[in-house]
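**Q** So I've got this file, query28.txt, and it contains compact mmCIF, C-alpha atoms:
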# COMPACT_ATOMS: atom_id res chain seq x y z
CA MET V 33 -105.86 89.11 -18.27
CA ARG V 34 -107.57 92.00 -20.00
CA LEU V 35 -111.28 91.53 -20.53
CA PHE V 36 -111.60 94.95 -22.08
CA PRO V 37 -108.98 96.18 -24.52
CA LEU V 38 -107.33 99.41 -23.48
CA THR V 39 -107.91 102.74 -25.13
CA SER V 40 -104.74 103.80 -26.91
CA SER V 41 -102.75 106.86 -26.02
CA GLN V 42 -102.39 109.88 -28.33
CA THR V 43 -100.16 112.91 -28.02
CA VAL V 44 -101.22 115.82 -25.83
CA GLY V 45 -100.39 118.01 -28.85
CA PRO V 46 -99.38 121.66 -28.77
CA PHE V 47 -102.63 123.23 -27.52
CA PHE V 48 -103.31 121.65 -24.13
CA ALA V 49 -102.37 124.61 -21.94
CA PRO V 50 -105.76 126.41 -21.78
CA ALA V 51 -107.32 123.18 -20.50
CA LEU V 52 -104.61 121.48 -18.45
CA LEU V 53 -102.82 124.58 -17.19
CA ARG V 54 -105.80 126.84 -16.54
CA GLU V 55 -105.41 128.75 -13.32
CA ASP V 56 -107.20 126.18 -11.17
CA ALA V 57 -105.60 123.18 -12.93
CA ARG V 58 -101.91 124.02 -12.77
CA ARG V 59 -100.25 123.17 -9.50
CA ASN V 60 -96.72 124.49 -9.19
CA VAL V 61 -97.02 125.04 -5.46
CA LEU V 62 -97.95 121.89 -3.55
CA THR V 63 -97.53 123.28 -0.04
CA GLN V 64 -99.60 125.41 2.26
CA PRO V 65 -98.16 127.36 5.21
CA GLU V 66 -99.10 124.59 7.64
CA THR V 67 -97.76 121.70 5.54
CA ALA V 68 -95.28 119.57 7.50
CA GLY V 69 -91.83 118.84 6.12
CA GLU V 70 -88.67 120.28 4.65
CA ARG V 71 -89.48 122.87 1.96
CA ILE V 72 -87.78 122.15 -1.34
CA ARG V 73 -87.95 123.69 -4.75
CA LEU V 74 -87.65 121.42 -7.78
CA GLU V 75 -86.28 122.96 -10.96
CA GLY V 76 -85.32 121.45 -14.25
CA ARG V 77 -85.62 121.55 -17.98
CA VAL V 78 -87.20 119.18 -20.46
CA LEU V 79 -84.79 118.64 -23.37
CA ASP V 80 -84.99 116.89 -26.73
CA GLY V 81 -82.49 114.70 -28.56
CA GLU V 82 -80.51 117.70 -29.75
CA GLY V 83 -80.33 119.22 -26.28
CA MET V 84 -82.89 121.84 -27.26
CA PRO V 85 -85.48 122.94 -24.70
CA ILE V 86 -89.03 121.69 -25.11
CA PRO V 87 -91.29 124.70 -24.48
CA ASP V 88 -94.57 122.80 -24.82
CA ALA V 89 -94.21 119.96 -22.33
CA LEU V 90 -96.35 119.17 -19.31
CA VAL V 91 -94.77 117.72 -16.17
CA GLU V 92 -96.89 116.07 -13.47
CA ILE V 93 -95.58 114.87 -10.11
CA TRP V 94 -97.07 112.64 -7.41
CA GLN V 95 -95.53 112.13 -4.02
CA ALA V 96 -96.09 111.11 -0.42
CA ASN V 97 -96.20 113.62 2.42
CA ALA V 98 -93.30 114.24 4.81
CA HIS V 99 -94.31 111.21 6.87
CA GLY V 100 -94.31 108.88 3.87
CA ARG V 101 -98.07 108.62 3.47
CA TYR V 102 -99.97 109.03 0.20
CA HIS V 103 -103.21 111.00 0.18
CA HIS V 104 -105.06 108.07 -1.34
CA PRO V 105 -107.46 105.38 -0.08
CA THR V 106 -105.12 102.55 -1.14
CA ASP V 107 -102.49 103.76 1.33
CA GLN V 108 -103.72 102.46 4.69
CA GLY V 109 -100.31 102.62 6.34
CA PRO V 110 -99.71 103.86 9.86
CA ALA V 111 -97.98 107.11 8.84
CA PRO V 112 -100.20 110.17 9.44
CA LEU V 113 -102.01 112.06 6.69
CA ASP V 114 -101.37 115.77 6.30
CA ALA V 115 -104.65 117.48 5.49
CA SER V 116 -102.75 120.37 3.94
CA PHE V 117 -100.85 118.25 1.43
CA LEU V 118 -102.26 116.38 -1.56
CA GLY V 119 -98.95 115.59 -3.25
CA PHE V 120 -99.99 116.33 -6.85
CA GLY V 121 -98.17 118.87 -9.00
CA ARG V 122 -98.63 119.97 -12.60
CA SER V 123 -96.33 122.42 -14.38
CA GLY V 124 -95.96 123.56 -17.95
CA THR V 125 -92.56 124.38 -19.42
CA ALA V 126 -91.37 127.85 -20.39
CA GLU V 127 -89.62 128.87 -23.61
CA ASP V 128 -86.35 127.61 -22.10
CA GLY V 129 -87.91 124.23 -21.33
CA SER V 130 -87.99 124.90 -17.60
CA TYR V 131 -90.54 123.68 -15.09
CA TRP V 132 -90.68 124.16 -11.30
CA PHE V 133 -92.47 123.02 -8.19
CA GLU V 134 -92.48 124.15 -4.57
CA THR V 135 -93.06 121.14 -2.39
CA ILE V 136 -91.69 119.22 0.57
CA LYS V 137 -89.25 116.34 0.59
CA PRO V 138 -91.36 113.17 0.82
CA GLY V 139 -90.85 110.58 3.53
CA SER V 140 -90.07 106.96 2.75
CA VAL V 141 -93.04 104.86 1.66
CA PRO V 142 -93.35 101.10 2.15
CA PHE V 143 -92.29 98.54 -0.41
CA GLU V 144 -93.08 95.08 0.97
CA GLY V 145 -93.08 93.90 4.55
CA ALA V 146 -90.88 96.15 6.61
CA ARG V 147 -88.83 97.20 3.60
CA LEU V 148 -89.00 100.87 2.64
CA GLN V 149 -88.44 102.72 -0.61
CA ALA V 150 -86.02 105.61 -0.77
CA PRO V 151 -87.74 109.02 -0.81
CA HIS V 152 -88.84 109.69 -4.37
CA ILE V 153 -91.26 111.67 -6.48
CA CYS V 154 -93.12 110.09 -9.40
CA VAL V 155 -92.75 112.12 -12.60
CA THR V 156 -94.90 111.95 -15.75
CA VAL V 157 -94.07 113.90 -18.91
CA PHE V 158 -96.40 114.79 -21.78
CA ALA V 159 -95.51 116.73 -24.93
CA ARG V 160 -96.26 117.28 -28.57
CA GLY V 161 -94.34 114.50 -30.29
CA LEU V 162 -94.84 112.07 -27.41
CA LEU V 163 -97.47 109.61 -28.59
CA ASN V 164 -97.38 108.13 -25.09
CA HIS V 165 -96.52 109.89 -21.89
CA LEU V 166 -93.24 109.05 -20.18
CA VAL V 167 -92.97 107.85 -16.60
CA THR V 168 -89.95 108.08 -14.33
CA ARG V 169 -88.97 108.89 -10.74
CA LEU V 170 -86.95 111.62 -9.14
CA TYR V 171 -84.62 110.52 -6.31
CA PHE V 172 -82.47 112.77 -4.11
CA GLU V 173 -78.75 112.50 -4.71
CA ASP V 174 -77.88 113.00 -1.04
CA GLU V 175 -80.15 110.21 0.23
CA PRO V 176 -78.22 107.20 1.60
CA SER V 177 -81.20 104.84 1.19
CA ASN V 178 -81.01 105.15 -2.61
CA SER V 179 -78.59 102.22 -2.68
CA SER V 180 -81.26 99.82 -1.40
CA ASP V 181 -84.28 101.21 -3.27
CA PRO V 182 -86.10 98.36 -5.06
CA VAL V 183 -87.06 100.42 -8.12
CA LEU V 184 -83.79 102.28 -8.56
CA GLN V 185 -82.03 98.91 -8.48
CA CYS V 186 -83.99 97.85 -11.58
CA VAL V 187 -82.31 100.67 -13.51
CA PRO V 188 -78.96 99.69 -15.08
CA ALA V 189 -76.21 101.13 -12.89
CA GLU V 190 -74.86 103.39 -15.62
CA ARG V 191 -78.29 105.04 -16.06
CA ARG V 192 -79.19 105.57 -12.38
CA ALA V 193 -77.62 108.99 -12.21
CA THR V 194 -80.28 110.26 -14.62
CA LEU V 195 -82.85 109.80 -11.83
CA LEU V 196 -80.91 111.71 -9.18
CA ALA V 197 -81.91 115.31 -8.49
CA ARG V 198 -78.85 117.44 -7.69
CA ARG V 199 -78.92 119.61 -4.61
CA LYS V 200 -77.84 123.14 -5.42
CA PRO V 201 -75.31 124.81 -3.12
CA ALA V 202 -76.97 126.17 -0.01
CA GLY V 203 -79.17 129.21 -0.48
CA ALA V 204 -82.25 130.62 1.20
CA VAL V 205 -84.31 127.71 -0.20
CA VAL V 206 -83.24 124.13 -0.76
CA VAL V 207 -83.25 123.58 -4.52
CA TYR V 208 -82.99 120.25 -6.31
CA ARG V 209 -82.30 120.27 -10.01
CA PHE V 210 -83.72 117.53 -12.22
CA ASP V 211 -83.46 117.76 -15.98
CA ILE V 212 -85.56 115.40 -18.07
CA VAL V 213 -83.80 114.37 -21.27
CA LEU V 214 -86.12 112.63 -23.71
CA GLN V 215 -83.45 111.34 -26.10
CA GLY V 216 -79.72 111.01 -26.69
CA ALA V 217 -76.73 111.39 -24.39
CA ASN V 218 -77.87 111.37 -20.75
CA GLU V 219 -81.31 110.18 -21.81
CA THR V 220 -83.42 109.87 -18.66
CA ALA V 221 -84.30 106.30 -17.69
CA PHE V 222 -88.04 105.92 -18.25
CA PHE V 223 -90.21 103.09 -16.94
CA ASN V 224 -92.53 100.70 -18.75
CA LEU V 225 -95.55 101.82 -16.75
CA MET P 204 -96.91 103.44 -49.43
CA LYS P 205 -93.64 104.99 -48.39
CA HIS P 206 -91.57 103.13 -45.82
CA ILE P 207 -92.08 104.60 -42.36
CA THR P 208 -89.53 104.08 -39.64
CA ILE P 209 -91.29 102.86 -36.54
CA GLY P 210 -89.43 102.68 -33.27
CA GLU P 211 -89.08 99.62 -31.06
CA ILE P 212 -89.82 101.39 -27.83
CA VAL P 213 -93.42 101.17 -26.67
CA ARG P 214 -94.95 101.82 -23.29
CA GLY P 215 -97.32 99.04 -22.31
CA ASP P 216 -99.24 96.82 -24.71
CA ARG P 217 -97.70 96.67 -28.20
CA GLU P 218 -101.07 95.85 -29.77
CA VAL P 219 -102.57 99.03 -28.37
CA PHE P 220 -100.06 101.77 -27.74
CA PRO P 221 -98.12 103.66 -30.39
CA PRO P 222 -94.33 103.47 -30.52
CA TYR P 223 -92.52 106.59 -29.32
CA LEU P 224 -90.77 106.94 -32.66
CA TYR P 225 -93.16 107.14 -35.61
CA GLU P 226 -91.19 108.94 -38.23
CA ALA P 227 -94.18 110.12 -40.28
CA TYR P 228 -95.11 112.23 -37.26
CA GLN P 229 -92.08 114.46 -37.39
CA ALA P 230 -92.12 115.74 -33.83
CA THR P 231 -91.41 112.20 -32.59
CA ARG P 232 -87.96 112.16 -34.20
CA ARG P 233 -86.18 114.26 -31.59
CA ARG P 234 -88.48 113.49 -28.70
CA ALA P 235 -88.77 109.69 -28.72
CA PRO P 236 -86.57 107.90 -26.19
CA THR P 237 -84.10 105.50 -27.76
CA LEU P 238 -83.12 103.33 -24.79
CA PRO P 239 -85.26 100.48 -23.44
CA LEU P 240 -87.95 101.37 -20.92
CA ILE P 241 -87.15 99.89 -17.51
CA GLU P 242 -89.35 97.10 -16.13
CA VAL P 243 -90.13 97.93 -12.52
CA PRO P 244 -92.32 96.38 -9.80
CA LEU P 245 -95.63 98.04 -8.99
CA THR P 246 -95.46 99.71 -5.61
CA LEU P 247 -97.73 101.89 -3.51
CA SER P 248 -96.44 104.85 -5.52
CA GLU P 249 -97.93 103.53 -8.76
CA LEU P 250 -101.10 102.10 -7.18
CA THR P 251 -102.03 105.49 -5.77
CA GLY P 252 -102.49 108.82 -7.54
CA PRO P 253 -104.16 112.21 -7.29
CA GLY P 254 -107.42 111.31 -9.06
CA PRO P 255 -109.68 110.52 -6.11
CA ALA P 256 -108.86 113.82 -4.36
CA ILE P 257 -109.63 116.09 -7.31
CA SER P 258 -113.25 117.05 -7.68
CA ALA P 259 -113.49 120.83 -7.56
CA ILE P 260 -115.42 121.44 -10.75
CA THR P 261 -118.86 122.74 -11.61
CA PRO P 262 -121.57 121.34 -13.89
CA ALA P 263 -121.07 124.36 -16.17
CA ASP P 264 -117.55 123.12 -16.91
CA ALA P 265 -119.04 120.30 -19.01
CA ASP P 266 -120.95 122.68 -21.34
CA LEU P 267 -118.44 123.97 -23.88
CA THR P 268 -121.18 125.71 -25.84
CA ARG P 269 -121.62 128.26 -23.03
CA ASN P 270 -118.65 128.05 -20.66
CA ALA P 271 -116.87 131.00 -22.27
CA GLY P 272 -119.04 133.05 -19.92
CA THR P 273 -119.96 135.65 -22.55
CA GLY P 274 -123.66 134.92 -22.38
CA GLY P 275 -123.46 133.87 -26.02
CA GLU P 276 -123.45 130.39 -27.49
CA ALA P 277 -120.68 128.82 -29.53
CA ILE P 278 -121.26 128.48 -33.27
CA GLY P 279 -121.32 125.00 -34.74
CA GLN P 280 -123.14 121.70 -34.81
CA ARG P 281 -124.19 121.11 -31.22
CA ILE P 282 -123.20 117.62 -30.04
CA ILE P 283 -123.40 115.49 -26.90
CA VAL P 284 -120.39 113.27 -26.23
CA THR P 285 -120.94 110.64 -23.57
CA GLY P 286 -119.66 107.24 -22.51
CA ARG P 287 -118.26 105.17 -19.68
CA VAL P 288 -114.79 104.99 -18.24
CA LEU P 289 -113.82 101.45 -17.22
CA ASP P 290 -110.67 99.63 -16.33
CA ASP P 291 -109.44 96.64 -18.30
CA ARG P 292 -111.40 94.20 -16.14
CA GLY P 293 -114.57 96.15 -16.70
CA ASN P 294 -114.61 97.79 -13.31
CA PRO P 295 -116.12 101.28 -13.28
CA MET P 296 -114.08 104.39 -12.52
CA PRO P 297 -116.55 106.71 -10.82
CA ASN P 298 -115.48 110.21 -9.76
CA THR P 299 -112.76 110.30 -12.43
CA LEU P 300 -111.73 113.69 -13.77
CA LEU P 301 -111.85 114.10 -17.55
CA GLU P 302 -110.36 117.27 -19.02
CA ILE P 303 -110.98 117.94 -22.71
CA TRP P 304 -109.88 120.48 -25.29
CA GLN P 305 -110.70 120.97 -28.95
CA ALA P 306 -110.69 123.29 -31.94
CA ASN P 307 -113.78 125.35 -32.72
CA ALA P 308 -116.19 124.55 -35.56
CA ALA P 309 -113.79 126.18 -38.03
CA GLY P 310 -110.83 124.09 -36.86
CA ARG P 311 -109.13 126.89 -34.94
CA TYR P 312 -107.76 126.56 -31.41
CA LEU P 313 -107.85 129.47 -29.02
CA HIS P 314 -104.08 129.37 -28.50
CA LYS P 315 -101.31 131.80 -29.31
CA ARG P 316 -99.41 129.16 -31.28
CA ASP P 317 -102.37 128.50 -33.57
CA GLN P 318 -102.28 131.26 -36.18
CA TRP P 319 -103.79 129.70 -39.29
CA PRO P 320 -106.50 131.86 -40.89
CA GLY P 321 -109.52 130.01 -39.54
CA PRO P 322 -111.89 132.30 -37.64
CA LEU P 323 -112.00 132.41 -33.86
CA ASP P 324 -115.34 132.18 -32.09
CA PRO P 325 -115.65 134.69 -29.22
CA ASN P 326 -118.13 132.39 -27.50
CA PHE P 327 -115.95 129.29 -27.55
CA LEU P 328 -112.94 128.49 -25.37
CA GLY P 329 -112.66 124.86 -26.44
CA ILE P 330 -111.99 123.55 -22.94
CA GLY P 331 -114.15 121.52 -20.58
CA ARG P 332 -114.07 119.04 -17.75
CA CYS P 333 -116.33 116.74 -15.84
CA LEU P 334 -116.28 113.88 -13.37
CA THR P 335 -117.66 110.46 -14.15
CA ASN P 336 -120.79 109.81 -12.09
CA GLU P 337 -121.47 106.85 -9.80
CA ASP P 338 -122.18 104.71 -12.88
CA SER P 339 -118.85 105.78 -14.36
CA ILE P 340 -120.56 107.85 -17.07
CA TYR P 341 -119.29 111.19 -18.36
CA ARG P 342 -121.18 113.64 -20.56
CA PHE P 343 -120.14 116.78 -22.41
CA LEU P 344 -122.16 119.25 -24.45
CA THR P 345 -120.01 120.89 -27.11
CA ILE P 346 -119.85 121.64 -30.82
CA ARG P 347 -118.34 119.43 -33.45
CA PRO P 348 -114.73 120.56 -34.02
CA GLY P 349 -113.48 121.31 -37.50
CA ALA P 350 -110.47 119.69 -39.17
CA TYR P 351 -107.25 121.53 -38.56
CA PRO P 352 -104.21 122.14 -40.80
CA TRP P 353 -100.70 121.54 -39.45
CA LYS P 354 -97.22 121.70 -40.88
CA ASN P 355 -96.13 118.09 -40.43
CA HIS P 356 -96.06 117.47 -44.19
CA PRO P 357 -97.46 119.24 -47.28
CA ASN P 358 -101.23 119.74 -47.11
CA ALA P 359 -101.46 118.05 -43.72
CA TRP P 360 -104.83 118.19 -41.94
CA ARG P 361 -105.72 116.64 -38.61
CA PRO P 362 -109.07 114.86 -38.67
CA ALA P 363 -111.67 116.38 -36.35
CA HIS P 364 -110.87 115.28 -32.82
CA ILE P 365 -111.35 116.07 -29.15
CA HIS P 366 -108.41 115.69 -26.75
CA PHE P 367 -109.17 113.78 -23.53
CA SER P 368 -107.11 113.66 -20.35
CA VAL P 369 -108.12 111.01 -17.80
CA LEU P 370 -106.96 111.33 -14.20
CA GLY P 371 -107.94 107.88 -12.99
CA PRO P 372 -107.90 106.34 -9.52
CA ASN P 373 -104.19 105.46 -9.64
CA GLN P 374 -101.14 106.34 -11.67
CA LEU P 375 -101.47 103.32 -13.96
CA ALA P 376 -104.79 104.65 -15.22
CA ARG P 377 -103.34 107.99 -16.35
CA LEU P 378 -104.26 108.48 -19.99
CA VAL P 379 -104.16 111.28 -22.53
CA THR P 380 -105.74 110.47 -25.86
CA GLN P 381 -107.91 111.80 -28.68
CA MET P 382 -111.45 110.95 -29.73
CA TYR P 383 -112.26 110.98 -33.44
CA PHE P 384 -115.53 111.09 -35.39
CA PRO P 385 -116.88 108.34 -37.67
CA ASP P 386 -116.59 108.38 -41.46
CA ASP P 387 -113.84 110.96 -41.69
CA PRO P 388 -111.76 110.67 -44.88
CA LEU P 389 -108.80 112.26 -43.07
CA HIS P 390 -108.32 109.28 -40.75
CA GLN P 391 -106.22 107.30 -43.19
CA LEU P 392 -104.00 110.32 -43.89
CA ASP P 393 -103.25 111.17 -40.27
CA PRO P 394 -99.89 109.99 -38.91
CA ILE P 395 -100.89 110.58 -35.29
CA MET P 396 -103.89 108.29 -35.55
CA ASN P 397 -102.00 105.80 -37.71
CA ALA P 398 -99.20 105.52 -35.17
CA VAL P 399 -101.67 103.36 -33.24
CA PRO P 400 -100.48 99.90 -34.29
CA THR P 401 -103.66 97.98 -35.11
CA GLU P 402 -106.92 98.75 -36.87
CA GLN P 403 -108.88 97.47 -33.87
CA ALA P 404 -107.08 99.86 -31.54
CA ARG P 405 -107.55 102.75 -33.99
CA LYS P 406 -111.27 101.99 -34.26
CA ARG P 407 -111.57 102.24 -30.50
CA LEU P 408 -110.55 105.90 -30.75
CA ILE P 409 -113.56 106.66 -32.99
CA ALA P 410 -116.83 107.62 -31.34
CA ALA P 411 -120.07 106.06 -32.58
CA TYR P 412 -123.05 108.12 -33.66
CA ASP P 413 -125.83 107.09 -31.27
CA HIS P 414 -129.38 108.14 -32.06
CA ASP P 415 -130.41 107.29 -28.50
CA VAL P 416 -128.02 109.95 -27.27
CA THR P 417 -129.25 112.50 -29.81
CA GLU P 418 -131.76 114.91 -28.30
CA PRO P 419 -134.67 116.06 -30.51
CA GLU P 420 -134.35 119.60 -31.83
CA TRP P 421 -131.25 120.08 -29.73
CA ALA P 422 -128.03 118.09 -30.33
CA LEU P 423 -126.54 115.07 -32.12
CA GLY P 424 -125.25 112.29 -29.88
CA TYR P 425 -121.95 110.44 -29.90
CA ARG P 426 -120.93 107.61 -27.63
CA TRP P 427 -117.32 106.88 -26.77
CA ASN P 428 -116.12 104.58 -24.01
CA ILE P 429 -112.67 104.77 -22.49
CA VAL P 430 -110.78 101.82 -21.02
CA ALA P 431 -107.84 102.73 -18.82
CA ARG P 432 -105.42 100.41 -17.12
CA GLY P 433 -106.53 99.03 -13.77
CA PRO P 434 -104.33 98.48 -10.70
CA TYR P 435 -103.26 95.01 -11.80
CA ALA P 436 -99.86 93.65 -12.69
CA THR P 437 -99.23 92.39 -16.21
CA PRO P 438 -97.41 89.06 -16.62
CA PHE P 439 -94.16 91.03 -16.80
CA GLU P 440 -94.63 92.83 -13.53
CA SER P 441 -94.95 91.87 -9.92
CA VAL P 442 -96.75 93.72 -7.19
CA GLY P 443 -94.73 94.36 -4.09
CA SER P 444 -92.00 91.91 -4.99
CA GLY P 445 -88.35 92.70 -4.81
CA GLY P 446 -86.51 94.34 -7.66
CA THR P 447 -83.82 92.68 -9.70
CA ALA P 448 -80.66 92.19 -7.71
CA PRO P 449 -77.98 94.67 -8.74
Take the structure in the file and write it out as structure tokens.
**A**
Amino acid sequence: MRLFPLTSSQTVGPFFAPALLREDARRNVLTQPETAGERIRLEGRVLDGEGMPIPDALVEIWQANAHGRYHHPTDQGPAPLDASFLGFGRSGTAEDGSYWFETIKPGSVPFEGARLQAPHICVTVFARGLLNHLVTRLYFEDEPSNSSDPVLQCVPAERRATLLARRKPAGAVVVYRFDIVLQGANETAFFNL
Amino acid sequence: MKHITIGEIVRGDREVFPPYLYEAYQATRRRAPTLPLIEVPLTLSELTGPGPAISAITPADADLTRNAGTGGEAIGQRIIVTGRVLDDRGNPMPNTLLEIWQANAAGRYLHKRDQWPGPLDPNFLGIGRCLTNEDSIYRFLTIRPGAYPWKNHPNAWRPAHIHFSVLGPNQLARLVTQMYFPDDPLHQLDPIMNAVPTEQARKRLIAAYDHDVTEPEWALGYRWNIVARGPYATPFESVGSGGTAP
């Protein structure tokens, strides 16, 4: 029941970068040297319905720490906080539509009771031409618990692969690739959130 | 009026939020998703968010007339923009980060992709931020932005507006929107504003002139309240319940 009607969304437009990506507002690197967990690099492109890169998108991520605890007062779970990890990232996209983050692989966070969610990263996308932002999740393709994740199971089976980040062949850094396709073939599954 | 193709896919409340596809706004045509948005349960991931941890700003950030740091003051009609940020049950959202950006008094953005021949103002960056206080009130000092031409259709002008980004206490409250000014003849010609589905919802994007906010011999006052989604399930969602069986 809404007592107060919501304020509508409007597009972020083409000129947000000086405000939202100023030096102390962009957050490509989520880790500090002492942050616990497996270092990963996330890379991907934001693409439109013709497969063309979107050079003026904004990608935000939100995730738990390596122990599966959110840096937030609502998470009162037993997993430890990591004072060196907030879990919030914000990246623009380059001319080729690419964004990147350096972070850690999150632990599993609770669903209900003893049930856990598969490790995941919440992803929000803003762009010129998006009158509303888009919300989705990044899962890890090599994570066995994906098959029992309560949110991934809501996604029609034939669209689940769009939420799986692909691990690149071994290199010095673990890289997961996650393209975000706003429209058309391989359109990413977005949530009504 | 010409027929406008309006998409079926909407995030959240259909009476409030614009569809992703609104053909009159051309950039939506190749960027709007075409497949249904997935209904998902609300979990700890959605009921948390970065907002409460982000507070590293200074009071000077909220004064766009001087935050260019040149020692000079921006040209234009000085205005105060203030209001409250609430959730949809009327609960306050104190300590919420608002980030804003806007064109200068001539309608020009300080951005490399904005090259129309409106003059730049060396004393105006057009960016600001502040936190809501313990009463959930925000307040900016800025100048009234000019209207701005764009290439969406022939002789297209955006009505004067200020962009707002709200980083609320959880992910559901995340909101990016635009505030407009009263009595602007460009409102009815603007496809971005008119993508909002109802007149009531469009009116809520327009600030009110408020003489009680106006400061004598200093600045005109505008009041604009923001209502963002609270951490509550809608009738279509469940909190912490199981997902649909595969």
**Q** Give the answer as one residue: which of V:Asn60, V:Thr67, V:Thr39, V:Thr135 has the shortest atom-to-atom distance to chain P, using only C-alpha atoms?
**A**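 The answer is V:Thr39, which sits nearest to chain P.
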**Q** Residues of chain V within 6 Å of chain P, counting all atoms listed in the file - could you list those as an NGL selection string?
**A** :V and (34-36 or 38-42 or 51 or 80-81 or 104 or 120 or 144 or 161 or 163 or 182-183 or 185-186 or 214-215 or 222-224)
**Q** So the first atom is atom CA of His390 of chain P and the second is atom CA of Glu420 of chain P; what is the distance between them in Å, to one decimal place?
**A**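 Pair atom CA of His390 of chain P / atom CA of Glu420 of chain P returns 29.4 Å.
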**Q** For segment 94-101 of chain V, work out the shell of residues within 6 Å, counting all atoms listed in the file and skipping chain neighbours fewer than 2 positions away, then give it as a list in words.
**A** Gly69, Ala111, Gly119, Phe120, Pro138, Gly139, Ser140, Val141, Ile153 and Cys154 of chain V
**Q** Quick one: 5 Å padding each side, axis-aligned, all listed atoms of segment 90-108 of chain V - centre and edge lengths in Å to one decimal, as lines of an AutoDock Vina configuration file?
**A**
center_x = -100.4
center_y = 110.8
center_z = -6.2
size_x = 24.2
size_y = 26.7
size_z = 36.2
**Q** Any idea what's packed within 10 Å of Phe172 of chain V, counting all atoms listed in the file, ignoring anything in its chain fewer than 5 positions away? Could you give it as an MDAnalysis selection string?
**A** chainID V and resid 137 150:153 177:178 195:199 208:210
**Q** Report, in Å with one decimal, the straight-line distance from atom CA of Pro394 of chain P to atom CA of Trp360 of chain P.
**A**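 Distance between the two atoms: 10.0 Å.
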**Q** When distances are computed from only C-alpha atoms, which of P:Arg426, P:Arg269, P:Lys354, P:Arg361 shows the smallest separation from Val284 of chain P?
**A** P:Arg426
**Q** Smallest atom-to-atom distance to Phe117 of chain V: which of V:Phe133, V:Lys200, V:Ala68, V:Ile93, using all atoms listed in the file?
**A** V:Ala68
**Q** What does the distance between atom CA of Ser258 of chain P and atom CA of His364 of chain P come to in Å, to one decimal place?
**A** 25.3 Å
**Q** May I have the protein, DNA and RNA residues with an atom at most 6 Å from (-101.8, 110.8, 4.3), counting all atoms listed in the file in the file's coordinates, returned as a list in words?
**A** Arg101, Tyr102, His103, Pro112, Leu113 and Asp114 of chain V
**Q** Which protein, DNA or RNA residues are at most 8 Å from (-84.9, 115.6, -23.7) in the file's coordinates when you count only C-alpha atoms, listed as JSON, numbers by chain?
**A** {"V": [78, 79, 80, 81, 82, 83, 84, 85, 86, 212, 213, 214, 215, 216, 219, 220], "P": [234]}
**Q** I need the chosen residues saved as an mmCIF file, in the frame of the given file, with C-alpha atoms.
**A**
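As a result, again-v8.cif now contains:
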data_model
loop_
_atom_site.group_PDB
_atom_site.id
_atom_site.type_symbol
_atom_site.label_atom_id
_atom_site.label_comp_id
_atom_site.auth_asym_id
_atom_site.auth_seq_id
_atom_site.Cartn_x
_atom_site.Cartn_y
_atom_site.Cartn_z
ATOM 1 C CA VAL V 78 -87.200 119.180 -20.460
ATOM 2 C CA LEU V 79 -84.790 118.640 -23.370
ATOM 3 C CA ASP V 80 -84.990 116.890 -26.730
ATOM 4 C CA GLY V 81 -82.490 114.700 -28.560
ATOM 5 C CA GLU V 82 -80.510 117.700 -29.750
ATOM 6 C CA GLY V 83 -80.330 119.220 -26.280
ATOM 7 C CA MET V 84 -82.890 121.840 -27.260
ATOM 8 C CA PRO V 85 -85.480 122.940 -24.700
ATOM 9 C CA ILE V 86 -89.030 121.690 -25.110
ATOM 10 C CA ILE V 212 -85.560 115.400 -18.070
ATOM 11 C CA VAL V 213 -83.800 114.370 -21.270
ATOM 12 C CA LEU V 214 -86.120 112.630 -23.710
ATOM 13 C CA GLN V 215 -83.450 111.340 -26.100
ATOM 14 C CA GLY V 216 -79.720 111.010 -26.690
ATOM 15 C CA GLU V 219 -81.310 110.180 -21.810
ATOM 16 C CA THR V 220 -83.420 109.870 -18.660
ATOM 17 C CA ARG P 234 -88.480 113.490 -28.700
#
**Q** List as an MDAnalysis selection string the protein and nucleic acid residues near Gly321 of chain P, meaning an atom at most 7 Å away when all atoms listed in the file are counted, but skip any in the same chain fewer than 3 places from it.
**A** chainID P and resid 309:311
